[in-house]
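Presented below is the structure to which this report refers.
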Amino acid sequence: MTKAPTRLAEEVREQVKDRTSYYGVIDRLNKASVDKHWEAYADIPWDDPEYAIDPEDPRWILTDEDHLGRTEWYRSQPPEVQARIGLWRVATAMKIGLQFENLLKRGLLNYAYWLPNGRPEFRYVYHETTEECHHGMMFQEFVNRTGLPIRGMPRALTALAQVVPWIPLVSTELFFVFVLGGEDPIDYKQRQLLKGGHVKHPLEEAIIRIHVAEEARHISFARHYLKHRVPSLSRPKRQMIALLSPLILGRMARIMLSPPGPMVRHFGIPRDVVRAAYRGGDHRDDLSDSVGKVRDLLAELGLVTPVGKRLWKLMGVWDEPGVRRGQAAGRPAPGAASPDERAAR
């Protein structure tokens, strides 16, 4: 029996002390990608009637887990409107996810282009790129089947984001901070949804379980790459990462967890409702917690400086290392089946 990717990710979180142990981690991640992976159009029964998307299906109605779902305004809407808003939220998260992964894939391939022969990172990067391609196909197919005019990232941000694939040519370490900035918040939120039983529709659940299982490997690689590389960086490069990381992570968390403007305008959600739902203390805690693991890693690597700490606070995503102010980060209960095991059923 092969190790589940999520259990593997837990197993390989030890400190990377030397090149041999770092390469050992990559070997295990490579093996896991071969042993357990999914394909967008082979492992999801898109045409099963149970997986059909009805925009007015009550299973899309937001629960109390979503800050908008807690508001009196939302609860006062007709059930069909509540369902459409909930579906819009899910579809937007998937659209933003595939847009981020598009940038990620291009950056990974830029990184791999310059790797010398024999480096094990090359094979892992291609495994990850292949998996991200299937994630993008899953997400876009879901968005297409909703029939909603989902845009994803704001246009101005999309234009700015086109510099991301070129970051590896300047600093691969900063690029992998960006990777974690996109992957950790959505992983945090999806694990919360699964753990709390908030995902009601089987198609959404199947996509999320596959995504969580494979993202465990991607997050593990990025973390270990930083652990391996950062200690040998020059002081100027470390200072650059320390200053840019909170800006990247704060912005990425908001993109992933905040309500999309087109949805707010389409449904005429009052500004005071949006402010109450997404600018209160609970939402700030969610933002901070969603990047908590990355923040802890950067602190461990000495990349949280006094000036950088002020930037973390300015971006609203600071807390002391190891502290989680909001909800628990959706880890499976002891003895529970891992997400990838459940997805395979």
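Ordering of the structure tokens sets the chain letters (A, B, ...), residue numbers begin anew at 1 in every chain, and ligands are numbered from 1 in the order given.
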Exercise. Please identify all polymer residues within 12 Å of Tyr41 of chain A, counting only C-alpha atoms, omitting same-chain residues fewer than 6 positions from it, and present them as a PyMOL selection string.
Key: chain A and resi 47+133-142+207
Within 12 Å of segment 84-92 of chain A, which residues of segment 167-273 of chain A show up? Give each one with its shortest atom-to-atom distance in Å (one decimal) and the two atoms involved, counting only C-alpha atoms, rows by chain then rising residue number, as a Markdown table.
| residue | atom | partner | partner_atom | distance |
| --- | --- | --- | --- | --- |
| A:Ile186 | CA | A:Val90 | CA | 11.6 |
| A:Lys189 | CA | A:Val90 | CA | 11.5 |
| A:Gln190 | CA | A:Val90 | CA | 10.7 |
| A:Leu193 | CA | A:Val90 | CA | 11.3 |
| A:His198 | CA | A:Gly86 | CA | 11.5 |
| A:Val199 | CA | A:Val90 | CA | 10.1 |
| A:Lys200 | CA | A:Gly86 | CA | 11.3 |
| A:His201 | CA | A:Leu87 | CA | 10.3 |
| A:Leu203 | CA | A:Val90 | CA | 11.3 |
| A:Glu204 | CA | A:Val90 | CA | 8.2 |
| A:Glu205 | CA | A:Val90 | CA | 11.1 |
| A:Ile207 | CA | A:Val90 | CA | 11.2 |
| A:Ile208 | CA | A:Val90 | CA | 10.6 |
| A:Ile255 | CA | A:Thr92 | CA | 10.3 |
| A:Met256 | CA | A:Thr92 | CA | 9.1 |
| A:Leu257 | CA | A:Arg89 | CA | 9.7 |
| A:Ser258 | CA | A:Arg89 | CA | 9.6 |
| A:Pro259 | CA | A:Arg89 | CA | 7.3 |
| A:Pro260 | CA | A:Thr92 | CA | 7.2 |
| A:Gly261 | CA | A:Thr92 | CA | 10.4 |
| A:Pro262 | CA | A:Trp88 | CA | 9.6 |
| A:Met263 | CA | A:Trp88 | CA | 6.9 |
| A:Val264 | CA | A:Ile85 | CA | 9.1 |
| A:Arg265 | CA | A:Ile85 | CA | 11.4 |
| A:His266 | CA | A:Ile85 | CA | 9.4 |
| A:Phe267 | CA | A:Ile85 | CA | 7.7 |
| A:Gly268 | CA | A:Ile85 | CA | 10.9 |
| A:Ile269 | CA | A:Ile85 | CA | 10.1 |
Given the selection you just returned, output its residues as a file containing N, CA, C and O atoms, formatted as a short mmCIF file (atom, residue, chain, number, x, y, z; two decimals), in the first residue's frame.
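Okay, this is what ended up in selection-v1.cif:
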data_model
loop_
_atom_site.label_atom_id
_atom_site.label_comp_id
_atom_site.auth_asym_id
_atom_site.auth_seq_id
_atom_site.Cartn_x
_atom_site.Cartn_y
_atom_site.Cartn_z
N ILE A 186 -5.87 29.06 0.12
CA ILE A 186 -6.95 28.25 -0.42
C ILE A 186 -6.95 26.85 0.21
O ILE A 186 -8.01 26.27 0.46
N LYS A 189 -8.65 27.27 3.58
CA LYS A 189 -10.10 27.40 3.47
C LYS A 189 -10.75 26.09 3.07
O LYS A 189 -11.80 25.70 3.61
N GLN A 190 -10.15 25.35 2.13
CA GLN A 190 -10.75 24.10 1.69
C GLN A 190 -10.75 23.06 2.79
O GLN A 190 -11.71 22.29 2.95
N LEU A 193 -13.59 23.86 5.08
CA LEU A 193 -14.87 23.47 4.50
C LEU A 193 -15.11 21.97 4.67
O LEU A 193 -16.21 21.55 5.03
N HIS A 198 -19.12 21.62 5.44
CA HIS A 198 -19.82 22.72 4.77
C HIS A 198 -19.99 22.49 3.27
O HIS A 198 -20.68 23.26 2.61
N VAL A 199 -19.35 21.47 2.72
CA VAL A 199 -19.46 21.20 1.28
C VAL A 199 -20.57 20.18 1.08
O VAL A 199 -20.46 19.04 1.52
N LYS A 200 -21.64 20.60 0.42
CA LYS A 200 -22.82 19.75 0.29
C LYS A 200 -22.96 19.11 -1.09
O LYS A 200 -23.56 18.05 -1.23
N HIS A 201 -22.44 19.77 -2.12
CA HIS A 201 -22.62 19.26 -3.48
C HIS A 201 -21.50 18.28 -3.83
O HIS A 201 -20.32 18.58 -3.60
N LEU A 203 -20.06 17.34 -6.60
CA LEU A 203 -19.05 17.77 -7.57
C LEU A 203 -18.03 18.68 -6.91
O LEU A 203 -16.82 18.51 -7.09
N GLU A 204 -18.51 19.65 -6.14
CA GLU A 204 -17.59 20.53 -5.42
C GLU A 204 -16.71 19.72 -4.47
O GLU A 204 -15.50 19.95 -4.37
N GLU A 205 -17.31 18.77 -3.78
CA GLU A 205 -16.55 17.97 -2.82
C GLU A 205 -15.46 17.15 -3.51
O GLU A 205 -14.32 17.09 -3.04
N ILE A 207 -13.90 17.77 -6.33
CA ILE A 207 -12.83 18.66 -6.80
C ILE A 207 -11.96 19.11 -5.63
O ILE A 207 -10.72 19.09 -5.72
N ILE A 208 -12.58 19.50 -4.53
CA ILE A 208 -11.81 19.99 -3.38
C ILE A 208 -10.94 18.88 -2.80
O ILE A 208 -9.77 19.11 -2.45
N ILE A 255 -7.19 38.20 -1.90
CA ILE A 255 -7.73 37.75 -3.19
C ILE A 255 -8.50 36.45 -3.01
O ILE A 255 -9.59 36.26 -3.56
N MET A 256 -7.94 35.53 -2.21
CA MET A 256 -8.54 34.22 -2.06
C MET A 256 -9.79 34.23 -1.16
O MET A 256 -10.73 33.46 -1.38
N LEU A 257 -9.81 35.09 -0.14
CA LEU A 257 -10.85 34.99 0.88
C LEU A 257 -11.89 36.11 0.87
O LEU A 257 -12.88 36.02 1.57
N SER A 258 -11.66 37.15 0.09
CA SER A 258 -12.61 38.27 0.09
C SER A 258 -13.66 38.10 -1.01
O SER A 258 -13.44 37.37 -1.99
N PRO A 259 -14.81 38.79 -0.90
CA PRO A 259 -15.89 38.62 -1.88
C PRO A 259 -15.55 39.28 -3.21
O PRO A 259 -14.94 40.35 -3.24
N PRO A 260 -15.91 38.67 -4.32
CA PRO A 260 -15.64 39.27 -5.63
C PRO A 260 -16.55 40.47 -5.90
O PRO A 260 -17.76 40.42 -5.66
N GLY A 261 -15.94 41.56 -6.40
CA GLY A 261 -16.70 42.77 -6.71
C GLY A 261 -17.86 42.52 -7.66
O GLY A 261 -18.97 43.03 -7.42
N PRO A 262 -17.67 41.76 -8.77
CA PRO A 262 -18.80 41.52 -9.68
C PRO A 262 -19.99 40.87 -9.00
O PRO A 262 -21.14 41.17 -9.33
N MET A 263 -19.74 39.97 -8.02
CA MET A 263 -20.84 39.33 -7.30
C MET A 263 -21.59 40.36 -6.45
O MET A 263 -22.83 40.37 -6.41
N VAL A 264 -20.83 41.22 -5.77
CA VAL A 264 -21.44 42.25 -4.93
C VAL A 264 -22.34 43.14 -5.78
O VAL A 264 -23.48 43.45 -5.40
N ARG A 265 -21.85 43.55 -6.96
CA ARG A 265 -22.64 44.43 -7.83
C ARG A 265 -23.83 43.69 -8.45
O ARG A 265 -24.93 44.24 -8.56
N HIS A 266 -23.62 42.45 -8.87
CA HIS A 266 -24.67 41.69 -9.54
C HIS A 266 -25.88 41.48 -8.63
O HIS A 266 -27.03 41.59 -9.08
N PHE A 267 -25.64 41.20 -7.36
CA PHE A 267 -26.72 40.92 -6.43
C PHE A 267 -27.11 42.14 -5.58
O PHE A 267 -27.99 42.03 -4.73
N GLY A 268 -26.45 43.26 -5.84
CA GLY A 268 -26.80 44.48 -5.11
C GLY A 268 -26.58 44.36 -3.62
O GLY A 268 -27.40 44.86 -2.82
N ILE A 269 -25.50 43.72 -3.23
CA ILE A 269 -25.22 43.56 -1.80
C ILE A 269 -24.82 44.92 -1.22
O ILE A 269 -23.86 45.54 -1.71
#
Self-check item: helix (DSSP H, G or I) residues, from DSSP on the backbone, in segment 30-196 of chain A, as a PyMOL selection string
Solution: chain A and resi 30-35+49-51+58-60+68-70+72-75+79-113+120-146+155-161+164-169+172-195
Exercise. Select, from A:Arg254, A:His37, A:Arg28, A:Arg223, the residue with the minimum atom-to-atom distance to Asp296 of chain A, counting only C-alpha atoms.
Key: A:Arg223
Quiz item: Can you list, as a list in words, every protein, DNA or RNA residue that comes within 10 Å of Glu65 of chain A when you count only C-alpha atoms, leaving out same-chain residues fewer than 2 positions away?
Solution: Leu62, Thr63, His67, Leu68, Gly69, Arg70, Lys189, Gln192, Leu193, Gly196, Gly197, His198 and Gln327 of chain A
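Minimum atom-to-atom distance to Tyr22 of chain A, evaluated using only C-alpha atoms, belongs to A:Ser220 out of A:Ser220, A:Leu297, A:Trp38, A:Trp60.
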